[in-house]
Structure formats: structure tokens, C-alpha cells
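To keep things clear, I will list the structure first and then write my remarks on it.
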Number of protein chains: 2
Amino acid sequence: MGNIGDSIDLKRDLVLERSVELPTDVMWAAWTKAENLSHWFAPKPWTSRCSIDIKPGGAFNVTLISPTNDEVDIEGCVLEVVDGRRLVWTCGLTEGFRPAPSSDDPMSVPFTAVIELSPERDGTKYRVIARHADEESCIKHRDMGFHGGWGAALDQLIEHMKGQ
Amino acid sequence: MGNIGDSIDLKRDLVLERSVELPTDVMWAAWTKAENLSHWFAPKPWTSRCSIDIKPGGAFNVTLISPTNDEVDIEGCVLEVVDGRRLVWTCGLTEGFRPAPSSDDPMSVPFTAVIELSPERDGTKYRVIARHADEESCIKHRDMGFHGGWGAALDQLIEHMKGQ
């Protein structure tokens, strides 16, 4: 932990890794500026609005908005920031490192997201690690469509940032 | 958040503040070296052993041991380290910023501890803020004896470090 290139726990972590034809600084801006993040974070046809403060203890709050205007709030906390290379946030804590309230929602899966960016010849090696408390919540998140959802969001990120 | 001298949320935070006749570097060593922490963290007659790694994402693990050798494990994670001045850790996450498993124990109260040390003429202004998800868990922690327990532990800290 706390390093570039974290080790993976095969039973409790989900990983999405892709090579992306965008420079690391563009990928970093996509993740760390709310006006970018809100354009790609929610897989369409959902949209989102974001309030983020990219420093340890800062808020990482996203509201997902359904096509029928139902809203789902994700309240999280930024944990680690290595400029241009690594961003860690969690929905297990909220702003100011405060523990998140426990949820009655059976679809609620607390996780910590480690976003790693490494320069490659043609762009960026992009890796997301989603860390879970246990194997059960990891499987639940996988079966809820982690890879499809985060993959679709990455496609939206690329499309949005190429249009900048 | 993320600053020296955090603001207090009166409904969700518990605070212990005392002036201590020990220099800030001694107080820092008491909190950040396992061989010190294990001597004072558990109010007697309980004892403890500790495994801590004082960097963001590092483990903050303490096993409390009762007089009859029952053990209670507290697994936590270090969140923020400002050398000699500020230590933040939580039992809402475990090593590597991984969300902590939810507990069935009704006495389990996830919290984040902010330890602040400020130099004073004769020693150190010592302040602990315990942050909770909501008012209910804050009241539960208060009624479990937060102030008495952390106060007794501080007395033990002072006694141990004066004997060094």
C-alpha cells in the first residue's frame, strides 16, 4: 500500500487495466477536475454531478442521475494523491476521513479505488484496483458489473477528453 | 480536514484535550513506536500488543488483552502523518486503505482518531478528536466511556514516557 504498482489480492480485489492513447496528464485531469469527471463517470444514459477536493481528507462526492431523474449519492473521501500518477479514494469514509454510515441497501458495496497511471510509448497504462473488505463483497461488486461499468466509463472518459 | 487544528462537529465528534508536561517529540514517539504504544494504549488491567506502520495506508493494528487472556483485535489504517504534530488513523479501513468488514458486534463503533500535538511553554497541548459516522454512534462511544478510557490511557502514556 502507499506505493505505485500496488500488489493485488486475488480474492478481495477487482482490477481493470487498459492501455489508453491519452497522455498521463490528460488522464489525471479527467479524474481530478470535477468538470471533467462529471462528463464521464456515470455510464450513459445515467449522468452525474461531482464535488471533489483532491487532497487527503477531501470530499469525493458524486451524484448519479438516472434517465428518470432518480439520484444516487456516492459520498467518499480522497485518501492519497501522487500528482499525475496515483489517486486513491474510498466510499468507506466521507469528507474529513469520517467513517461512512452503514447502509441498509443490499446493493451497497463499500470499496476503495486505487487509480494508477503510468506513461507508455503511445499514452498511458491505466489501472484501477477496487479493494473490498472480503471475498463476498468483491464477488457482489463483480456480479453487479464492475468491469463492464468501469470499462464503459473509461470509453466515455476517452471520448470526452479527446474532444477537449 | 487535512489541517492542523481541525474543526469539531459537536454532534458527531468526541474530543479529549489536555495539557501534558512532555515535549511534543516524546508524545509523538509514544504514539508512533509500537514498543511505546503497547505499554499504554489499553487501560489497565488490560494490556495490548501493537503492529503499526506509520505512513498513509499502513496498518494500525492493536490487540487488547483482558486479565483473563481474552483478546479483542482492532484493525485499522493510518491515514495522515504530519511528523511530530498530527496522526490520523481509522478502524473504518484496514491496511492498504481496504474497507473494514462490517461487524455484528453491537459494541463495535467505527471511528477515526485525529491526534493533534501543539508545543506549549511547559510541554504539549494534546487533543484527540474521535470522528463518527453519525450522532447515534457518537453517543454510543461516549456512553461506552470514551473520555474515561482515553484519559486513563493518557495517564499511562505519561507515566510510561516519563520512565523512559
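Ordered as shown in the C-alpha cells, chains take letters A, B, and onward, while each chain numbers its residues from 1 and ligands are numbered from 1 in the order shown.
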So which bits of stretch 9-139 of chain B end up helix (DSSP H, G or I) when you DSSP the backbone, as number ranges by chain? B: 24-32, 34-40, 95-97, 135-139
Would you list the contacts of A:Pro99 as a ChimeraX atom specification, taking every protein, DNA or RNA residue within 8 Å and counting only C-alpha atoms, but skipping same-chain residues closer than 2 positions in sequence? /A:92-94,97,101 /B:90,92,110-112,131-133
Using only C-alpha atoms, which residues of chain B come within 12 Å of chain A, and what is the closest atom pair for each, with the distance in Å to one decimal? Give it as JSON lines, sorted by chain and residue number.
```
{"residue": "B:Met1", "atom": "CA", "partner": "A:Gly96", "partner_atom": "CA", "distance": 4.6}
{"residue": "B:Gly2", "atom": "CA", "partner": "A:Gly57", "partner_atom": "CA", "distance": 5.5}
{"residue": "B:Asn3", "atom": "CA", "partner": "A:Gly57", "partner_atom": "CA", "distance": 9.2}
{"residue": "B:Asp6", "atom": "CA", "partner": "A:Gly96", "partner_atom": "CA", "distance": 9.0}
{"residue": "B:Ser7", "atom": "CA", "partner": "A:Gly96", "partner_atom": "CA", "distance": 9.8}
{"residue": "B:Ile8", "atom": "CA", "partner": "A:Gly96", "partner_atom": "CA", "distance": 10.6}
{"residue": "B:Asp9", "atom": "CA", "partner": "A:Arg98", "partner_atom": "CA", "distance": 10.7}
{"residue": "B:Arg12", "atom": "CA", "partner": "A:Arg98", "partner_atom": "CA", "distance": 9.3}
{"residue": "B:Asp13", "atom": "CA", "partner": "A:Arg98", "partner_atom": "CA", "distance": 9.5}
{"residue": "B:Asp53", "atom": "CA", "partner": "A:Met1", "partner_atom": "CA", "distance": 10.7}
{"residue": "B:Ile54", "atom": "CA", "partner": "A:Gly2", "partner_atom": "CA", "distance": 11.1}
{"residue": "B:Lys55", "atom": "CA", "partner": "A:Gly2", "partner_atom": "CA", "distance": 7.8}
{"residue": "B:Pro56", "atom": "CA", "partner": "A:Gly2", "partner_atom": "CA", "distance": 6.3}
{"residue": "B:Gly57", "atom": "CA", "partner": "A:Gly2", "partner_atom": "CA", "distance": 5.5}
{"residue": "B:Gly58", "atom": "CA", "partner": "A:Met1", "partner_atom": "CA", "distance": 6.9}
{"residue": "B:Ala59", "atom": "CA", "partner": "A:Met1", "partner_atom": "CA", "distance": 9.5}
{"residue": "B:Glu75", "atom": "CA", "partner": "A:Ala133", "partner_atom": "CA", "distance": 11.9}
{"residue": "B:Gly76", "atom": "CA", "partner": "A:Pro99", "partner_atom": "CA", "distance": 11.9}
{"residue": "B:Cys77", "atom": "CA", "partner": "A:Met1", "partner_atom": "CA", "distance": 10.5}
{"residue": "B:Val78", "atom": "CA", "partner": "A:Leu79", "partner_atom": "CA", "distance": 10.2}
{"residue": "B:Leu79", "atom": "CA", "partner": "A:Leu79", "partner_atom": "CA", "distance": 7.0}
{"residue": "B:Glu80", "atom": "CA", "partner": "A:Pro56", "partner_atom": "CA", "distance": 7.6}
{"residue": "B:Val81", "atom": "CA", "partner": "A:Pro56", "partner_atom": "CA", "distance": 10.6}
{"residue": "B:Val88", "atom": "CA", "partner": "A:Phe97", "partner_atom": "CA", "distance": 8.5}
{"residue": "B:Trp89", "atom": "CA", "partner": "A:Phe97", "partner_atom": "CA", "distance": 8.7}
{"residue": "B:Thr90", "atom": "CA", "partner": "A:Phe97", "partner_atom": "CA", "distance": 7.9}
{"residue": "B:Cys91", "atom": "CA", "partner": "A:Pro99", "partner_atom": "CA", "distance": 8.5}
{"residue": "B:Gly92", "atom": "CA", "partner": "A:Pro99", "partner_atom": "CA", "distance": 5.7}
{"residue": "B:Leu93", "atom": "CA", "partner": "A:Gly92", "partner_atom": "CA", "distance": 7.1}
{"residue": "B:Thr94", "atom": "CA", "partner": "A:Ala133", "partner_atom": "CA", "distance": 8.4}
{"residue": "B:Glu95", "atom": "CA", "partner": "A:Met1", "partner_atom": "CA", "distance": 7.4}
{"residue": "B:Gly96", "atom": "CA", "partner": "A:Met1", "partner_atom": "CA", "distance": 4.5}
{"residue": "B:Phe97", "atom": "CA", "partner": "A:Thr112", "partner_atom": "CA", "distance": 6.7}
{"residue": "B:Arg98", "atom": "CA", "partner": "A:Arg131", "partner_atom": "CA", "distance": 5.7}
{"residue": "B:Pro99", "atom": "CA", "partner": "A:Ala133", "partner_atom": "CA", "distance": 4.9}
{"residue": "B:Ala100", "atom": "CA", "partner": "A:Ala133", "partner_atom": "CA", "distance": 5.3}
{"residue": "B:Pro101", "atom": "CA", "partner": "A:Ala133", "partner_atom": "CA", "distance": 5.0}
{"residue": "B:Ser102", "atom": "CA", "partner": "A:Ser102", "partner_atom": "CA", "distance": 8.2}
{"residue": "B:Ser103", "atom": "CA", "partner": "A:Ser102", "partner_atom": "CA", "distance": 10.3}
{"residue": "B:Asp104", "atom": "CA", "partner": "A:Ser102", "partner_atom": "CA", "distance": 11.8}
{"residue": "B:Val109", "atom": "CA", "partner": "A:Pro99", "partner_atom": "CA", "distance": 9.7}
{"residue": "B:Pro110", "atom": "CA", "partner": "A:Pro99", "partner_atom": "CA", "distance": 6.5}
{"residue": "B:Phe111", "atom": "CA", "partner": "A:Pro99", "partner_atom": "CA", "distance": 6.0}
{"residue": "B:Thr112", "atom": "CA", "partner": "A:Arg98", "partner_atom": "CA", "distance": 6.1}
{"residue": "B:Ala113", "atom": "CA", "partner": "A:Phe97", "partner_atom": "CA", "distance": 9.1}
{"residue": "B:Val114", "atom": "CA", "partner": "A:Phe97", "partner_atom": "CA", "distance": 9.3}
{"residue": "B:Ile129", "atom": "CA", "partner": "A:Arg98", "partner_atom": "CA", "distance": 10.8}
{"residue": "B:Ala130", "atom": "CA", "partner": "A:Arg98", "partner_atom": "CA", "distance": 9.0}
{"residue": "B:Arg131", "atom": "CA", "partner": "A:Arg98", "partner_atom": "CA", "distance": 5.7}
{"residue": "B:His132", "atom": "CA", "partner": "A:Pro99", "partner_atom": "CA", "distance": 6.0}
{"residue": "B:Ala133", "atom": "CA", "partner": "A:Pro99", "partner_atom": "CA", "distance": 4.9}
{"residue": "B:Asp134", "atom": "CA", "partner": "A:Pro101", "partner_atom": "CA", "distance": 6.8}
{"residue": "B:Glu135", "atom": "CA", "partner": "A:Pro101", "partner_atom": "CA", "distance": 10.4}
{"residue": "B:Glu136", "atom": "CA", "partner": "A:Pro101", "partner_atom": "CA", "distance": 10.3}
{"residue": "B:Ser137", "atom": "CA", "partner": "A:Pro101", "partner_atom": "CA", "distance": 9.4}
{"residue": "B:Cys138", "atom": "CA", "partner": "A:Pro99", "partner_atom": "CA", "distance": 11.2}
```
Please report as JSON lines every residue of stretch 11-122 of chain A lying within 9 Å of stretch 143-146 of chain A, along with the nearest atom pair and their distance in Å (one decimal), using only C-alpha atoms.
```
{"residue": "A:Leu14", "atom": "CA", "partner": "A:Phe146", "partner_atom": "CA", "distance": 7.9}
{"residue": "A:Leu16", "atom": "CA", "partner": "A:Phe146", "partner_atom": "CA", "distance": 8.8}
{"residue": "A:Met107", "atom": "CA", "partner": "A:Met144", "partner_atom": "CA", "distance": 8.3}
```
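The space separating atom CA of A:Ser48 from atom CA of A:Gly151 comes to 16.6 Å.
For the residues A:Glu120, A:Glu17, A:Asp105, A:Asp73, ranking by smallest atom-to-atom distance to A:Ser51 using only C-alpha atoms places A:Asp73 first.
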Find the nearest atom pair between each residue of stretch 76-103 of chain B and stretch 20-40 of chain B for residues within 9 Å, count only C-alpha atoms, give distances in Å to one decimal, sort rows by chain and ascending number, and present the table as a Markdown table.
```
| residue | atom | partner | partner_atom | distance |
| --- | --- | --- | --- | --- |
| B:Asp83 | CA | B:Trp28 | CA | 8.0 |
| B:Gly84 | CA | B:Trp28 | CA | 5.3 |
| B:Arg85 | CA | B:Trp28 | CA | 7.4 |
| B:Arg86 | CA | B:Trp28 | CA | 8.5 |
| B:Leu87 | CA | B:Trp31 | CA | 8.4 |
```
Preceding selection exported with N, CA and C atoms as an mmCIF file, in the first residue's frame:
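The resulting result-v5.cif:
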```
data_model
loop_
_atom_site.group_PDB
_atom_site.id
_atom_site.type_symbol
_atom_site.label_atom_id
_atom_site.label_comp_id
_atom_site.auth_asym_id
_atom_site.auth_seq_id
_atom_site.Cartn_x
_atom_site.Cartn_y
_atom_site.Cartn_z
ATOM 1 N N ASP B 83 4.693 14.862 10.677
ATOM 2 C CA ASP B 83 5.703 14.449 11.647
ATOM 3 C C ASP B 83 5.698 15.312 12.906
ATOM 4 N N GLY B 84 5.492 14.680 14.049
ATOM 5 C CA GLY B 84 5.551 15.359 15.340
ATOM 6 C C GLY B 84 4.327 16.170 15.698
ATOM 7 N N ARG B 85 3.360 16.272 14.782
ATOM 8 C CA ARG B 85 2.235 17.185 15.006
ATOM 9 C C ARG B 85 0.859 16.544 14.885
ATOM 10 N N ARG B 86 0.733 15.590 13.978
ATOM 11 C CA ARG B 86 -0.622 15.126 13.653
ATOM 12 C C ARG B 86 -0.583 13.707 13.127
ATOM 13 N N LEU B 87 -1.417 12.857 13.714
ATOM 14 C CA LEU B 87 -1.549 11.472 13.262
ATOM 15 C C LEU B 87 -3.040 11.179 13.135
#
```
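Going from atom CA of A:Arg127 over to atom CA of A:Ser19, you cover 8.6 Å.
Distance check against B:Ala42 using only C-alpha atoms: of B:Thr124, B:Gln164, B:Gln156, B:Phe60, the minimum falls on B:Gln156.
Among A:Gly149, A:Arg142, A:Lys11, A:Asn61, the residue with the shortest atom-to-atom distance to A:Pro45, counting only C-alpha atoms, is A:Gly149.
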Using atom CA of B:Ile65 and atom CA of B:Lys162 as the two end points, give the distance in Å to one decimal. 23.8 Å
With DSSP run on the backbone, what are the strand (DSSP E or B) residues within stretch 4-161 of chain B? I'd like them as a PyMOL selection string. chain B and resi 13-20+47-52+59-65+71-82+86-90+93-94+98-99+112-120+123-131
Would you export the selected residues with C-alpha atoms as a CSV table (one decimal), in the first residue's frame, please?
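Output file part.csv follows:
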```csv
chain,number,residue,atom,x,y,z
B,13,ASP,CA,-17.2,14.1,17.3
B,14,LEU,CA,-15.8,13.4,20.8
B,15,VAL,CA,-12.9,15.4,22.0
B,16,LEU,CA,-10.3,14.9,24.7
B,17,GLU,CA,-8.0,17.9,25.3
B,18,ARG,CA,-5.3,18.2,27.9
B,19,SER,CA,-2.0,20.0,28.6
B,20,VAL,CA,0.7,17.5,29.1
B,47,THR,CA,-2.7,-4.9,28.1
B,48,SER,CA,-2.0,-4.8,24.4
B,49,ARG,CA,0.3,-5.6,21.6
B,50,CYS,CA,0.6,-3.5,18.5
B,51,SER,CA,1.7,-3.7,14.9
B,52,ILE,CA,1.8,-0.3,13.3
B,59,ALA,CA,-1.5,-0.9,9.4
B,60,PHE,CA,-2.7,0.4,12.7
B,61,ASN,CA,-3.4,-2.9,14.5
B,62,VAL,CA,-3.8,-3.3,18.2
B,63,THR,CA,-4.8,-6.4,20.1
B,64,LEU,CA,-6.3,-5.7,23.5
B,65,ILE,CA,-5.7,-8.5,26.1
B,71,GLU,CA,-8.3,-10.9,23.1
B,72,VAL,CA,-10.0,-8.1,21.1
B,73,ASP,CA,-8.4,-7.2,17.8
B,74,ILE,CA,-8.6,-3.6,16.5
B,75,GLU,CA,-7.6,-3.5,12.9
B,76,GLY,CA,-7.1,0.0,11.5
B,77,CYS,CA,-5.3,2.0,8.9
B,78,VAL,CA,-3.0,5.1,9.1
B,79,LEU,CA,-4.4,8.0,7.0
B,80,GLU,CA,-2.3,11.0,7.6
B,81,VAL,CA,1.1,11.7,9.2
B,82,VAL,CA,2.5,15.2,9.9
B,86,ARG,CA,-0.6,15.1,13.7
B,87,LEU,CA,-1.5,11.5,13.3
B,88,VAL,CA,-4.8,10.3,11.8
B,89,TRP,CA,-5.9,6.7,11.8
B,90,THR,CA,-9.2,4.9,11.5
B,93,LEU,CA,-10.4,0.9,6.9
B,94,THR,CA,-7.6,-1.7,7.3
B,98,ARG,CA,-9.2,-1.5,2.4
B,99,PRO,CA,-12.7,-1.1,3.8
B,112,THR,CA,-11.5,7.9,13.0
B,113,ALA,CA,-8.9,9.3,15.5
B,114,VAL,CA,-7.2,12.6,14.9
B,115,ILE,CA,-4.3,13.1,17.3
B,116,GLU,CA,-3.0,16.7,17.4
B,117,LEU,CA,0.1,17.8,19.2
B,118,SER,CA,1.0,21.5,19.7
B,119,PRO,CA,4.0,22.8,21.6
B,120,GLU,CA,3.2,24.8,24.8
B,123,GLY,CA,5.0,20.8,27.2
B,124,THR,CA,2.3,19.8,24.8
B,125,LYS,CA,-1.3,20.6,24.1
B,126,TYR,CA,-2.7,17.2,23.4
B,127,ARG,CA,-6.0,16.9,21.5
B,128,VAL,CA,-7.8,13.7,20.3
B,129,ILE,CA,-10.8,14.0,18.1
B,130,ALA,CA,-12.8,10.8,17.6
B,131,ARG,CA,-15.0,11.2,14.5
```
